[in-house]
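*Asks:* My structure is below; once you've seen it, I'll send some questions.
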Amino acid sequence: MRNLGRRMGDDLARLEDQIYAFNDGVKFNINSGDQLSDLLFNKLQLPTAGLERTKTGRYSLTAGVLENLEAKTDSPAIQLILRYRQLTKLKSTYVDALPELVNPATGRVHTSYSQLGAATGRLSSNDPNLQNIPTRTDEGREIRRGFVANPGCMFVAADYSQVELRVLAHITQDPNLVQAFREDQDIHAATAAQLFSVPIDQVTKNQRRIAKTTVFGVIYGISAFGLAARTDLSRSEAQQLIDALFARFPGLRDYIDSTLEEGRREGYVRSLFGRRRYMPDLRVSGPRRQAAEREAINAPIQSTAADIMKIAMIRVDEALRERKLKTRMLLQVHDELIFEAPEDEVDTIVGLVCEQMEGAYQFKDVPLKVDLEVGPNWEEMRDITTH
DNA sequence: AGTGCAGGCCAC
DNA sequence: AAACGTGGCCTGCACT
(Lines give C-alpha, C1' and ligand atoms only; values in the text may rest on other atoms or scores of the structure.)
Protein backbone atom coordinates (compact mmCIF):
# COMPACT_ATOMS: atom_id res chain seq x y z
CA MET A 1 0.00 0.00 0.00
CA ARG A 2 2.77 2.43 0.98
CA ASN A 3 4.72 1.58 -2.18
CA LEU A 4 1.62 2.02 -4.28
CA GLY A 5 1.09 5.43 -2.69
CA ARG A 6 4.66 6.51 -3.46
CA ARG A 7 4.36 5.34 -7.06
CA MET A 8 1.10 7.19 -7.48
CA GLY A 9 2.59 10.30 -5.89
CA ASP A 10 5.50 10.24 -8.34
CA ASP A 11 3.14 9.76 -11.28
CA LEU A 12 0.99 12.63 -10.05
CA ALA A 13 3.95 14.98 -9.76
CA ARG A 14 4.92 14.27 -13.36
CA LEU A 15 1.33 14.66 -14.51
CA GLU A 16 0.98 18.00 -12.77
CA ASP A 17 4.05 19.34 -14.58
CA GLN A 18 2.73 18.15 -17.94
CA ILE A 19 -0.68 19.72 -17.29
CA TYR A 20 0.76 23.02 -16.05
CA ALA A 21 2.73 23.22 -19.31
CA PHE A 22 -0.60 23.76 -21.06
CA ASN A 23 -1.18 26.70 -18.71
CA ASP A 24 2.08 28.50 -19.63
CA GLY A 25 3.74 26.65 -16.80
CA VAL A 26 1.49 28.35 -14.26
CA LYS A 27 0.33 26.07 -11.44
CA PHE A 28 -3.35 25.79 -10.66
CA ASN A 29 -5.70 23.42 -8.86
CA ILE A 30 -6.58 20.73 -11.38
CA ASN A 31 -9.40 19.35 -9.25
CA SER A 32 -11.09 22.73 -9.08
CA GLY A 33 -13.85 22.81 -11.67
CA ASP A 34 -13.62 26.57 -12.12
CA GLN A 35 -9.87 26.55 -12.64
CA LEU A 36 -10.00 23.55 -14.97
CA SER A 37 -12.77 25.23 -16.94
CA ASP A 38 -10.55 28.29 -17.25
CA LEU A 39 -7.75 26.21 -18.75
CA LEU A 40 -9.92 24.26 -21.19
CA PHE A 41 -12.18 26.99 -22.49
CA ASN A 42 -10.20 30.20 -22.05
CA LYS A 43 -6.54 29.25 -22.33
CA LEU A 44 -6.91 26.31 -24.74
CA GLN A 45 -10.02 27.68 -26.45
CA LEU A 46 -11.78 24.29 -26.63
CA PRO A 47 -15.34 24.53 -28.00
CA THR A 48 -18.17 24.72 -25.49
CA ALA A 49 -20.95 24.08 -28.01
CA GLY A 50 -23.45 21.51 -26.81
CA LEU A 51 -21.86 21.02 -23.40
CA GLU A 52 -24.19 20.18 -20.51
CA ARG A 53 -24.22 22.42 -17.49
CA THR A 54 -24.48 21.47 -13.85
CA LYS A 55 -27.34 22.79 -11.77
CA THR A 56 -25.24 25.75 -10.69
CA GLY A 57 -24.65 26.73 -14.30
CA ARG A 58 -21.04 25.58 -14.67
CA TYR A 59 -20.00 23.35 -17.52
CA SER A 60 -20.14 19.75 -16.42
CA LEU A 61 -16.68 18.20 -16.64
CA THR A 62 -17.21 14.58 -15.70
CA ALA A 63 -15.04 11.87 -17.22
CA GLY A 64 -17.68 11.16 -19.88
CA VAL A 65 -17.77 14.78 -20.99
CA LEU A 66 -14.00 15.03 -21.07
CA GLU A 67 -13.75 11.84 -23.15
CA ASN A 68 -16.15 13.26 -25.71
CA LEU A 69 -14.23 16.51 -25.74
CA GLU A 70 -11.03 14.58 -26.28
CA ALA A 71 -12.53 12.67 -29.20
CA LYS A 72 -13.78 15.91 -30.71
CA THR A 73 -10.72 18.11 -30.28
CA ASP A 74 -7.73 15.78 -29.96
CA SER A 75 -6.51 18.07 -27.21
CA PRO A 76 -3.58 16.24 -25.56
CA ALA A 77 -4.32 17.92 -22.23
CA ILE A 78 -7.50 15.97 -21.66
CA GLN A 79 -6.01 12.50 -21.32
CA LEU A 80 -3.60 13.92 -18.76
CA ILE A 81 -6.46 15.45 -16.79
CA LEU A 82 -8.44 12.21 -16.84
CA ARG A 83 -5.39 10.32 -15.66
CA TYR A 84 -4.80 12.90 -12.95
CA ARG A 85 -8.41 12.57 -11.79
CA GLN A 86 -8.19 8.77 -11.69
CA LEU A 87 -4.96 8.75 -9.71
CA THR A 88 -5.98 11.40 -7.18
CA LYS A 89 -9.24 9.51 -6.63
CA LEU A 90 -7.53 6.19 -5.94
CA LYS A 91 -4.78 7.73 -3.84
CA SER A 92 -6.90 9.99 -1.64
CA THR A 93 -9.89 7.71 -1.17
CA TYR A 94 -8.11 4.40 -0.72
CA VAL A 95 -4.31 4.30 -0.71
CA ASP A 96 -3.85 7.19 1.72
CA ALA A 97 -7.05 6.82 3.73
CA LEU A 98 -7.27 3.09 4.47
CA PRO A 99 -3.96 2.68 6.35
CA GLU A 100 -5.03 5.54 8.65
CA LEU A 101 -8.07 3.51 9.66
CA VAL A 102 -6.20 0.37 10.68
CA ASN A 103 -7.07 -0.53 14.25
CA PRO A 104 -3.74 -0.88 16.10
CA ALA A 105 -5.14 -3.62 18.31
CA THR A 106 -6.12 -5.87 15.42
CA GLY A 107 -3.95 -4.59 12.59
CA ARG A 108 -7.04 -4.48 10.42
CA VAL A 109 -9.63 -2.06 9.16
CA HIS A 110 -13.11 -2.58 10.58
CA THR A 111 -16.07 -1.22 8.66
CA SER A 112 -19.46 -0.43 10.12
CA TYR A 113 -22.55 -1.76 8.42
CA SER A 114 -25.84 0.05 8.52
CA GLN A 115 -28.95 -2.12 8.45
CA LEU A 116 -31.05 0.90 7.60
CA GLY A 117 -28.57 2.59 5.33
CA ALA A 118 -30.44 1.93 2.11
CA ALA A 119 -34.09 2.42 1.29
CA THR A 120 -34.20 -0.97 -0.42
CA GLY A 121 -33.01 -3.13 2.46
CA ARG A 122 -29.46 -3.34 1.29
CA LEU A 123 -26.74 -2.86 3.86
CA SER A 124 -24.49 0.14 3.54
CA SER A 125 -20.90 0.26 4.73
CA ASN A 126 -19.01 3.21 6.13
CA ASP A 127 -15.89 4.35 7.99
CA PRO A 128 -14.43 2.94 5.85
CA ASN A 129 -16.79 1.93 3.10
CA LEU A 130 -15.56 -1.54 2.16
CA GLN A 131 -18.30 -2.03 -0.41
CA ASN A 132 -16.62 0.19 -2.98
CA ILE A 133 -13.02 -1.04 -3.04
CA PRO A 134 -11.88 -0.73 -6.68
CA THR A 135 -12.00 -3.70 -9.01
CA ARG A 136 -12.52 -2.27 -12.48
CA THR A 137 -8.99 -1.28 -13.45
CA ASP A 138 -5.72 -3.12 -12.84
CA GLU A 139 -4.37 -0.14 -10.94
CA GLY A 140 -7.44 0.00 -8.74
CA ARG A 141 -7.29 -3.74 -8.15
CA GLU A 142 -3.80 -3.31 -6.70
CA ILE A 143 -5.47 -1.72 -3.70
CA ARG A 144 -7.09 -5.09 -2.99
CA ARG A 145 -3.66 -6.59 -2.43
CA GLY A 146 -3.63 -4.65 0.82
CA PHE A 147 -6.36 -6.92 2.19
CA VAL A 148 -4.46 -10.05 3.21
CA ALA A 149 -5.66 -13.22 4.90
CA ASN A 150 -4.01 -14.19 8.19
CA PRO A 151 -1.12 -16.67 8.01
CA GLY A 152 -2.51 -20.15 7.49
CA CYS A 153 -5.77 -18.73 6.14
CA MET A 154 -7.31 -17.96 2.77
CA PHE A 155 -10.04 -15.64 1.64
CA VAL A 156 -13.07 -17.32 0.14
CA ALA A 157 -15.39 -15.09 -1.90
CA ALA A 158 -18.85 -16.25 -2.90
CA ASP A 159 -20.98 -14.13 -5.19
CA TYR A 160 -24.47 -14.61 -6.53
CA SER A 161 -24.35 -14.81 -10.31
CA GLN A 162 -26.74 -12.28 -11.91
CA VAL A 163 -28.97 -12.34 -8.85
CA GLU A 164 -31.02 -9.27 -9.76
CA LEU A 165 -31.72 -10.56 -13.24
CA ARG A 166 -32.75 -13.93 -11.81
CA VAL A 167 -35.10 -12.08 -9.47
CA LEU A 168 -36.40 -10.16 -12.47
CA ALA A 169 -36.95 -13.41 -14.36
CA HIS A 170 -38.87 -14.88 -11.45
CA ILE A 171 -40.98 -11.81 -10.70
CA THR A 172 -41.88 -11.22 -14.34
CA GLN A 173 -42.30 -14.92 -15.06
CA ASP A 174 -41.01 -14.06 -18.48
CA PRO A 175 -40.62 -17.38 -20.31
CA ASN A 176 -37.57 -16.27 -22.28
CA LEU A 177 -35.70 -15.04 -19.24
CA VAL A 178 -36.70 -18.03 -17.14
CA GLN A 179 -35.57 -20.49 -19.78
CA ALA A 180 -32.24 -18.73 -20.26
CA PHE A 181 -31.46 -19.12 -16.55
CA ARG A 182 -32.72 -22.68 -16.33
CA GLU A 183 -30.33 -23.58 -19.09
CA ASP A 184 -27.60 -21.51 -17.43
CA GLN A 185 -27.00 -19.58 -20.61
CA ASP A 186 -24.89 -16.45 -20.90
CA ILE A 187 -27.84 -14.22 -20.06
CA HIS A 188 -26.68 -11.17 -21.96
CA ALA A 189 -25.88 -13.21 -25.06
CA ALA A 190 -29.28 -14.89 -24.79
CA THR A 191 -31.00 -11.53 -24.50
CA ALA A 192 -29.02 -10.20 -27.46
CA ALA A 193 -30.03 -13.22 -29.53
CA GLN A 194 -33.67 -12.41 -28.83
CA LEU A 195 -33.28 -8.67 -29.34
CA PHE A 196 -31.41 -8.92 -32.62
CA SER A 197 -33.11 -12.12 -33.84
CA VAL A 198 -29.88 -14.05 -34.36
CA PRO A 199 -28.74 -17.45 -33.05
CA ILE A 200 -27.00 -17.14 -29.70
CA ASP A 201 -23.68 -18.35 -31.10
CA GLN A 202 -23.71 -15.57 -33.68
CA VAL A 203 -24.17 -12.72 -31.22
CA THR A 204 -21.39 -10.15 -31.62
CA LYS A 205 -19.59 -8.55 -28.71
CA ASN A 206 -21.23 -5.25 -29.52
CA GLN A 207 -24.70 -6.79 -29.63
CA ARG A 208 -24.06 -8.43 -26.28
CA ARG A 209 -22.84 -5.17 -24.78
CA ILE A 210 -25.90 -3.27 -26.01
CA ALA A 211 -28.26 -5.99 -24.78
CA LYS A 212 -26.59 -5.92 -21.37
CA THR A 213 -26.95 -2.15 -21.06
CA THR A 214 -30.58 -2.34 -22.18
CA VAL A 215 -31.54 -5.09 -19.76
CA PHE A 216 -29.91 -3.34 -16.86
CA GLY A 217 -31.72 -0.24 -18.02
CA VAL A 218 -35.01 -2.00 -17.36
CA ILE A 219 -34.01 -2.68 -13.77
CA TYR A 220 -33.21 0.99 -13.33
CA GLY A 221 -36.34 2.36 -15.00
CA ILE A 222 -34.98 3.00 -18.44
CA SER A 223 -35.69 5.82 -20.87
CA ALA A 224 -34.58 6.14 -24.48
CA PHE A 225 -32.79 9.32 -23.44
CA GLY A 226 -30.83 7.53 -20.74
CA LEU A 227 -29.99 4.53 -22.88
CA ALA A 228 -28.77 6.70 -25.75
CA ALA A 229 -26.59 8.68 -23.37
CA ARG A 230 -24.89 5.50 -22.15
CA THR A 231 -24.34 3.88 -25.51
CA ASP A 232 -23.38 5.07 -28.95
CA LEU A 233 -26.99 4.71 -30.05
CA SER A 234 -29.14 7.60 -31.22
CA ARG A 235 -32.27 8.47 -29.32
CA SER A 236 -34.51 6.73 -31.86
CA GLU A 237 -32.30 3.65 -32.09
CA ALA A 238 -32.45 3.44 -28.31
CA GLN A 239 -36.24 3.70 -28.42
CA GLN A 240 -36.42 0.93 -31.03
CA LEU A 241 -34.30 -1.28 -28.84
CA ILE A 242 -36.48 -0.67 -25.81
CA ASP A 243 -39.58 -1.43 -27.89
CA ALA A 244 -37.94 -4.65 -29.10
CA LEU A 245 -37.08 -5.61 -25.54
CA PHE A 246 -40.65 -5.23 -24.32
CA ALA A 247 -41.91 -7.09 -27.39
CA ARG A 248 -39.55 -10.04 -26.82
CA PHE A 249 -39.94 -10.12 -23.05
CA PRO A 250 -43.62 -9.35 -22.48
CA GLY A 251 -43.41 -10.07 -18.76
CA LEU A 252 -41.38 -6.89 -18.30
CA ARG A 253 -44.19 -4.55 -19.30
CA ASP A 254 -46.66 -6.36 -17.04
CA TYR A 255 -44.25 -6.11 -14.11
CA ILE A 256 -43.71 -2.38 -14.58
CA ASP A 257 -47.39 -1.63 -15.01
CA SER A 258 -48.57 -3.68 -12.05
CA THR A 259 -45.79 -2.42 -9.78
CA LEU A 260 -46.57 1.22 -10.50
CA GLU A 261 -50.28 0.57 -10.11
CA GLU A 262 -49.83 -1.08 -6.73
CA GLY A 263 -47.44 1.66 -5.65
CA ARG A 264 -49.95 4.38 -6.49
CA ARG A 265 -52.80 2.48 -4.84
CA GLU A 266 -51.08 1.37 -1.64
CA GLY A 267 -48.46 4.07 -1.28
CA TYR A 268 -45.63 1.54 -1.24
CA VAL A 269 -44.03 -1.21 -3.31
CA ARG A 270 -42.89 -4.55 -1.90
CA SER A 271 -40.13 -7.09 -2.27
CA LEU A 272 -41.01 -10.74 -2.77
CA PHE A 273 -40.76 -11.16 1.00
CA GLY A 274 -42.98 -8.18 1.77
CA ARG A 275 -40.34 -5.58 2.55
CA ARG A 276 -41.98 -2.22 1.86
CA ARG A 277 -40.62 0.94 0.36
CA TYR A 278 -43.03 3.83 0.73
CA MET A 279 -43.35 5.86 -2.44
CA PRO A 280 -45.67 8.84 -1.89
CA ASP A 281 -44.24 10.67 -4.88
CA LEU A 282 -45.91 8.20 -7.25
CA ARG A 283 -49.00 10.36 -6.71
CA VAL A 284 -47.48 13.73 -7.59
CA SER A 285 -46.71 14.96 -11.08
CA GLY A 286 -43.63 16.12 -12.95
CA PRO A 287 -39.99 15.05 -12.62
CA ARG A 288 -40.39 14.01 -8.99
CA ARG A 289 -43.00 11.48 -10.02
CA GLN A 290 -40.83 10.20 -12.84
CA ALA A 291 -37.95 9.72 -10.43
CA ALA A 292 -40.31 7.92 -8.04
CA GLU A 293 -41.44 5.63 -10.85
CA ARG A 294 -37.87 4.60 -11.61
CA GLU A 295 -37.27 3.96 -7.91
CA ALA A 296 -40.49 1.95 -7.69
CA ILE A 297 -39.52 -0.24 -10.64
CA ASN A 298 -36.08 -0.91 -9.20
CA ALA A 299 -37.01 -1.33 -5.53
CA PRO A 300 -38.76 -4.74 -5.60
CA ILE A 301 -35.88 -6.23 -7.58
CA GLN A 302 -33.07 -4.78 -5.52
CA SER A 303 -34.97 -5.43 -2.29
CA THR A 304 -35.66 -9.05 -3.11
CA ALA A 305 -31.99 -9.62 -3.87
CA ALA A 306 -31.07 -7.89 -0.59
CA ASP A 307 -33.54 -10.07 1.33
CA ILE A 308 -32.13 -13.23 -0.21
CA MET A 309 -28.63 -12.18 0.78
CA LYS A 310 -29.70 -11.51 4.37
CA ILE A 311 -31.33 -14.93 4.57
CA ALA A 312 -28.17 -16.46 3.17
CA MET A 313 -25.98 -14.69 5.73
CA ILE A 314 -28.08 -16.06 8.58
CA ARG A 315 -27.99 -19.56 7.12
CA VAL A 316 -24.24 -19.49 6.60
CA ASP A 317 -23.68 -18.10 10.10
CA GLU A 318 -25.79 -20.90 11.60
CA ALA A 319 -24.01 -23.54 9.59
CA LEU A 320 -20.60 -22.24 10.66
CA ARG A 321 -21.64 -22.31 14.32
CA GLU A 322 -23.26 -25.73 14.11
CA ARG A 323 -20.09 -27.26 12.74
CA LYS A 324 -17.89 -25.25 15.09
CA LEU A 325 -15.76 -23.99 12.23
CA LYS A 326 -13.14 -21.29 12.67
CA THR A 327 -13.99 -19.60 9.38
CA ARG A 328 -15.17 -16.00 9.80
CA MET A 329 -17.62 -14.06 7.66
CA LEU A 330 -15.76 -10.80 7.01
CA LEU A 331 -17.59 -8.72 4.44
CA GLN A 332 -20.81 -8.39 2.50
CA VAL A 333 -20.81 -6.50 -0.80
CA HIS A 334 -24.49 -6.71 -1.80
CA ASP A 335 -24.33 -9.91 -3.85
CA GLU A 336 -21.07 -11.24 -2.44
CA LEU A 337 -19.75 -12.61 0.85
CA ILE A 338 -16.07 -12.73 1.76
CA PHE A 339 -14.81 -15.21 4.34
CA GLU A 340 -11.50 -15.91 6.00
CA ALA A 341 -10.95 -19.65 6.32
CA PRO A 342 -8.12 -21.69 7.84
CA GLU A 343 -6.54 -23.60 4.96
CA ASP A 344 -7.81 -26.94 6.24
CA GLU A 345 -11.36 -25.59 6.24
CA VAL A 346 -11.36 -24.18 2.72
CA ASP A 347 -12.74 -27.30 1.02
CA THR A 348 -15.50 -27.60 3.59
CA ILE A 349 -16.36 -23.92 3.45
CA VAL A 350 -16.63 -23.78 -0.30
CA GLY A 351 -19.30 -26.46 -0.29
CA LEU A 352 -21.07 -25.16 2.80
CA VAL A 353 -21.27 -21.56 1.62
CA CYS A 354 -22.40 -22.56 -1.85
CA GLU A 355 -25.15 -24.79 -0.44
CA GLN A 356 -26.41 -22.22 2.06
CA MET A 357 -26.39 -19.35 -0.43
CA GLU A 358 -27.93 -21.21 -3.34
CA GLY A 359 -30.50 -22.71 -1.00
CA ALA A 360 -31.32 -19.44 0.74
CA TYR A 361 -34.49 -19.25 -1.28
CA GLN A 362 -35.88 -21.67 -3.83
CA PHE A 363 -37.72 -19.98 -6.63
CA LYS A 364 -40.08 -22.39 -8.28
CA ASP A 365 -38.64 -21.65 -11.68
CA VAL A 366 -35.24 -19.95 -11.61
CA PRO A 367 -32.21 -21.39 -9.81
CA LEU A 368 -29.83 -19.27 -7.77
CA LYS A 369 -26.19 -19.70 -8.72
CA VAL A 370 -23.10 -18.89 -6.68
CA ASP A 371 -19.58 -18.44 -8.04
CA LEU A 372 -16.68 -19.07 -5.67
CA GLU A 373 -13.13 -17.80 -5.54
CA VAL A 374 -10.22 -18.54 -3.19
CA GLY A 375 -7.01 -16.60 -2.65
CA PRO A 376 -4.37 -15.37 -0.21
CA ASN A 377 -5.41 -11.74 -0.66
CA TRP A 378 -8.37 -9.85 -2.11
CA GLU A 379 -6.63 -9.26 -5.43
CA GLU A 380 -5.34 -12.75 -6.22
CA MET A 381 -8.58 -14.68 -6.15
CA ARG A 382 -8.94 -17.70 -8.42
CA ASP A 383 -12.15 -19.44 -9.45
CA ILE A 384 -13.19 -22.67 -7.79
CA THR A 385 -15.46 -25.06 -9.62
CA THR A 386 -17.97 -26.73 -7.40
CA HIS A 387 -20.59 -28.59 -9.38
C1' DA B 1 -11.77 25.03 12.88
C1' DG B 2 -16.18 23.11 11.84
C1' DT B 3 -20.26 22.60 8.60
C1' DG B 4 -22.65 21.76 4.44
C1' DC B 5 -23.18 21.77 -0.44
C1' DA B 6 -21.51 20.82 -5.24
C1' DG B 7 -19.27 18.06 -8.36
C1' DG B 8 -17.25 14.07 -9.19
C1' DC B 9 -16.42 8.95 -8.94
C1' DC B 10 -15.68 4.31 -6.48
C1' DA B 11 -18.70 -0.13 -5.84
C1' DC B 12 -22.98 -3.34 -6.78
C1' DA C 1 -23.72 14.61 -19.83
C1' DA C 2 -27.49 11.39 -16.87
C1' DA C 3 -34.59 11.77 -17.57
C1' DC C 4 -30.80 4.59 -15.01
C1' DG C 5 -31.42 2.28 -9.42
C1' DT C 6 -28.70 1.82 -4.32
C1' DG C 7 -24.95 3.66 -1.49
C1' DG C 8 -20.22 6.56 0.76
C1' DC C 9 -16.07 9.54 0.42
C1' DC C 10 -13.02 12.68 -1.70
C1' DT C 11 -11.66 17.79 -2.76
C1' DG C 12 -12.98 22.52 -3.40
C1' DC C 13 -15.39 26.17 -1.75
C1' DA C 14 -18.42 29.33 0.81
C1' DC C 15 -19.89 30.16 5.07
C1' DT C 16 -20.12 30.63 10.25
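Residues in the C-alpha coordinates are numbered from 1 in each chain, the chains being A, B, ... in the order shown, and ligands are numbered from 1 in the order shown.
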Return as a tab-separated table the residues of chain B lying at most 10 Å from chain A, together with the closest atom-to-atom pair for each and the distance in Å to one decimal, counting only C-alpha atoms (C1' of nucleotides), with rows in chain order and ascending residue number.

*Replies:*
```
residue	atom	partner	partner_atom	distance
B:DA6	C1'	A:Thr56	CA	8.2
B:DG7	C1'	A:Gly33	CA	7.9
B:DG8	C1'	A:Thr62	CA	6.5
B:DC9	C1'	A:Lys89	CA	7.6
B:DC10	C1'	A:Asn132	CA	5.5
B:DA11	C1'	A:Asn132	CA	3.5
B:DC12	C1'	A:His334	CA	6.2
```

*Asks:* Output N, CA and C atoms (P, O5', C5', C4', C3', O3' and C1' of nucleotides) for every residue in that selection, as an mmCIF file, in the first residue's frame.

*Replies:*
```cif
data_model
loop_
_atom_site.group_PDB
_atom_site.id
_atom_site.type_symbol
_atom_site.label_atom_id
_atom_site.label_comp_id
_atom_site.auth_asym_id
_atom_site.auth_seq_id
_atom_site.Cartn_x
_atom_site.Cartn_y
_atom_site.Cartn_z
ATOM 1 P P DA B 6 -26.239 21.888 -3.413
ATOM 2 O "O5'" DA B 6 -24.910 21.808 -4.285
ATOM 3 C "C5'" DA B 6 -24.113 22.977 -4.435
ATOM 4 C "C4'" DA B 6 -22.957 22.670 -5.357
ATOM 5 C "C3'" DA B 6 -23.295 21.743 -6.519
ATOM 6 O "O3'" DA B 6 -22.691 22.281 -7.675
ATOM 7 C "C1'" DA B 6 -21.510 20.818 -5.240
ATOM 8 P P DG B 7 -23.054 21.665 -9.111
ATOM 9 O "O5'" DG B 7 -21.827 20.679 -9.318
ATOM 10 C "C5'" DG B 7 -20.518 21.218 -9.364
ATOM 11 C "C4'" DG B 7 -19.521 20.100 -9.417
ATOM 12 C "C3'" DG B 7 -19.823 19.010 -10.451
ATOM 13 O "O3'" DG B 7 -18.700 18.928 -11.303
ATOM 14 C "C1'" DG B 7 -19.266 18.057 -8.355
ATOM 15 P P DG B 8 -18.723 18.017 -12.619
ATOM 16 O "O5'" DG B 8 -18.027 16.683 -12.097
ATOM 17 C "C5'" DG B 8 -16.723 16.759 -11.520
ATOM 18 C "C4'" DG B 8 -16.430 15.485 -10.763
ATOM 19 C "C3'" DG B 8 -16.701 14.190 -11.515
ATOM 20 O "O3'" DG B 8 -15.469 13.634 -11.953
ATOM 21 C "C1'" DG B 8 -17.252 14.066 -9.193
ATOM 22 P P DC B 9 -15.430 12.254 -12.782
ATOM 23 O "O5'" DC B 9 -15.430 11.152 -11.631
ATOM 24 C "C5'" DC B 9 -14.330 11.102 -10.705
ATOM 25 C "C4'" DC B 9 -14.488 9.863 -9.835
ATOM 26 C "C3'" DC B 9 -14.858 8.598 -10.619
ATOM 27 O "O3'" DC B 9 -14.190 7.494 -10.041
ATOM 28 C "C1'" DC B 9 -16.417 8.953 -8.943
ATOM 29 P P DC B 10 -13.738 6.226 -10.919
ATOM 30 O "O5'" DC B 10 -13.976 4.988 -9.941
ATOM 31 C "C5'" DC B 10 -13.031 4.695 -8.916
ATOM 32 C "C4'" DC B 10 -13.739 4.039 -7.744
ATOM 33 C "C3'" DC B 10 -14.693 2.910 -8.131
ATOM 34 O "O3'" DC B 10 -14.011 1.705 -8.378
ATOM 35 C "C1'" DC B 10 -15.682 4.306 -6.482
ATOM 36 P P DA B 11 -14.689 0.591 -9.311
ATOM 37 O "O5'" DA B 11 -15.812 -0.062 -8.374
ATOM 38 C "C5'" DA B 11 -15.421 -0.800 -7.220
ATOM 39 C "C4'" DA B 11 -16.644 -1.110 -6.368
ATOM 40 C "C3'" DA B 11 -17.708 -1.934 -7.069
ATOM 41 O "O3'" DA B 11 -17.406 -3.310 -6.920
ATOM 42 C "C1'" DA B 11 -18.699 -0.127 -5.839
ATOM 43 P P DC B 12 -18.141 -4.378 -7.869
ATOM 44 O "O5'" DC B 12 -19.652 -4.424 -7.364
ATOM 45 C "C5'" DC B 12 -19.938 -4.915 -6.050
ATOM 46 C "C4'" DC B 12 -21.426 -4.776 -5.780
ATOM 47 C "C3'" DC B 12 -22.309 -5.600 -6.700
ATOM 48 O "O3'" DC B 12 -23.333 -6.229 -5.953
ATOM 49 C "C1'" DC B 12 -22.977 -3.342 -6.780
#
```

*Asks:* Residues within 10 Å of range 190-193 of chain A, please, as a list in words. Count only C-alpha atoms (C1' of nucleotides); anything in the same chain fewer than 6 positions from it doesn't count.

*Replies:*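 Residues meeting the cut-off are Asn176, Leu177, Gln179, Ala180, Phe181, Pro199, Ile200, Asp201, Gln202, Val203, Thr204, Lys205, Asn206, Gln207, Arg208, Arg209, Ile210, Ala211, Lys212, Thr214, Val215, Leu245, Arg248 and Phe249 of chain A.
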
*Asks:* Distance CA of Arg108 in chain A-CA of Asp317 in chain A, one decimal place?

*Replies:* 21.5 Å

*Asks:* Write out as a count of residues only the residues lying within 12 Å of DC5 in chain B, counting only C-alpha atoms (C1' of nucleotides) and excluding same-chain residues fewer than 4 positions away.

*Replies:* 5

*Asks:* Identify all chain A residues at most 7 Å from chain C by counting only C-alpha atoms (C1' of nucleotides); ligands do not count. Present them as a ChimeraX atom specification.

*Replies:* /A:32,52,64-65,89,92-93,118,124,126,129,217,220-223,225-226,295,298

*Asks:* Quick check, in Å to one decimal: how far apart do CA of Pro376 in chain A and CA of Arg6 in chain A lie?

*Replies:*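 Computing it gives 23.9 Å between the two atoms.
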
*Asks:* Considering only C-alpha atoms, state which residue in the set A:Asp307, A:Asp257, A:Glu343, A:Asp96 is at the smallest distance from Leu272 in chain A.

*Replies:*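 Looking at the shortest contact to Leu272 in chain A, the residue is A:Asp307.
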
*Asks:* Within 10 Å of Gly9 in chain A, counting only C-alpha atoms (C1' of nucleotides), which residues qualify if same-chain residues fewer than 6 places away don't, as a list in words?

*Replies:*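 My reading of the contact set: Asn3, Leu15, Leu87, Thr88 and Lys91 of chain A.
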
*Asks:* How would the residues just chosen look if you wrote them out with N, CA, C and O atoms as a JSON list (two decimals), in the first residue's frame?

*Replies:*
```
[["chain", "number", "residue", "atom", "x", "y", "z"],
["A", 3, "ASN", "N", 4.02, 1.49, -0.90],
["A", 3, "ASN", "CA", 4.72, 1.58, -2.18],
["A", 3, "ASN", "C", 3.81, 2.10, -3.27],
["A", 3, "ASN", "O", 4.21, 2.95, -4.07],
["A", 15, "LEU", "N", 2.54, 14.23, -13.81],
["A", 15, "LEU", "CA", 1.33, 14.66, -14.51],
["A", 15, "LEU", "C", 1.06, 16.15, -14.30],
["A", 15, "LEU", "O", 0.69, 16.86, -15.24],
["A", 87, "LEU", "N", -5.98, 9.02, -10.72],
["A", 87, "LEU", "CA", -4.96, 8.75, -9.71],
["A", 87, "LEU", "C", -5.25, 9.46, -8.39],
["A", 87, "LEU", "O", -5.05, 8.87, -7.32],
["A", 88, "THR", "N", -5.69, 10.71, -8.44],
["A", 88, "THR", "CA", -5.98, 11.40, -7.18],
["A", 88, "THR", "C", -7.15, 10.72, -6.46],
["A", 88, "THR", "O", -7.16, 10.63, -5.23],
["A", 91, "LYS", "N", -5.75, 7.46, -4.91],
["A", 91, "LYS", "CA", -4.78, 7.73, -3.84],
["A", 91, "LYS", "C", -5.48, 8.32, -2.61],
["A", 91, "LYS", "O", -5.27, 7.84, -1.49]]
```
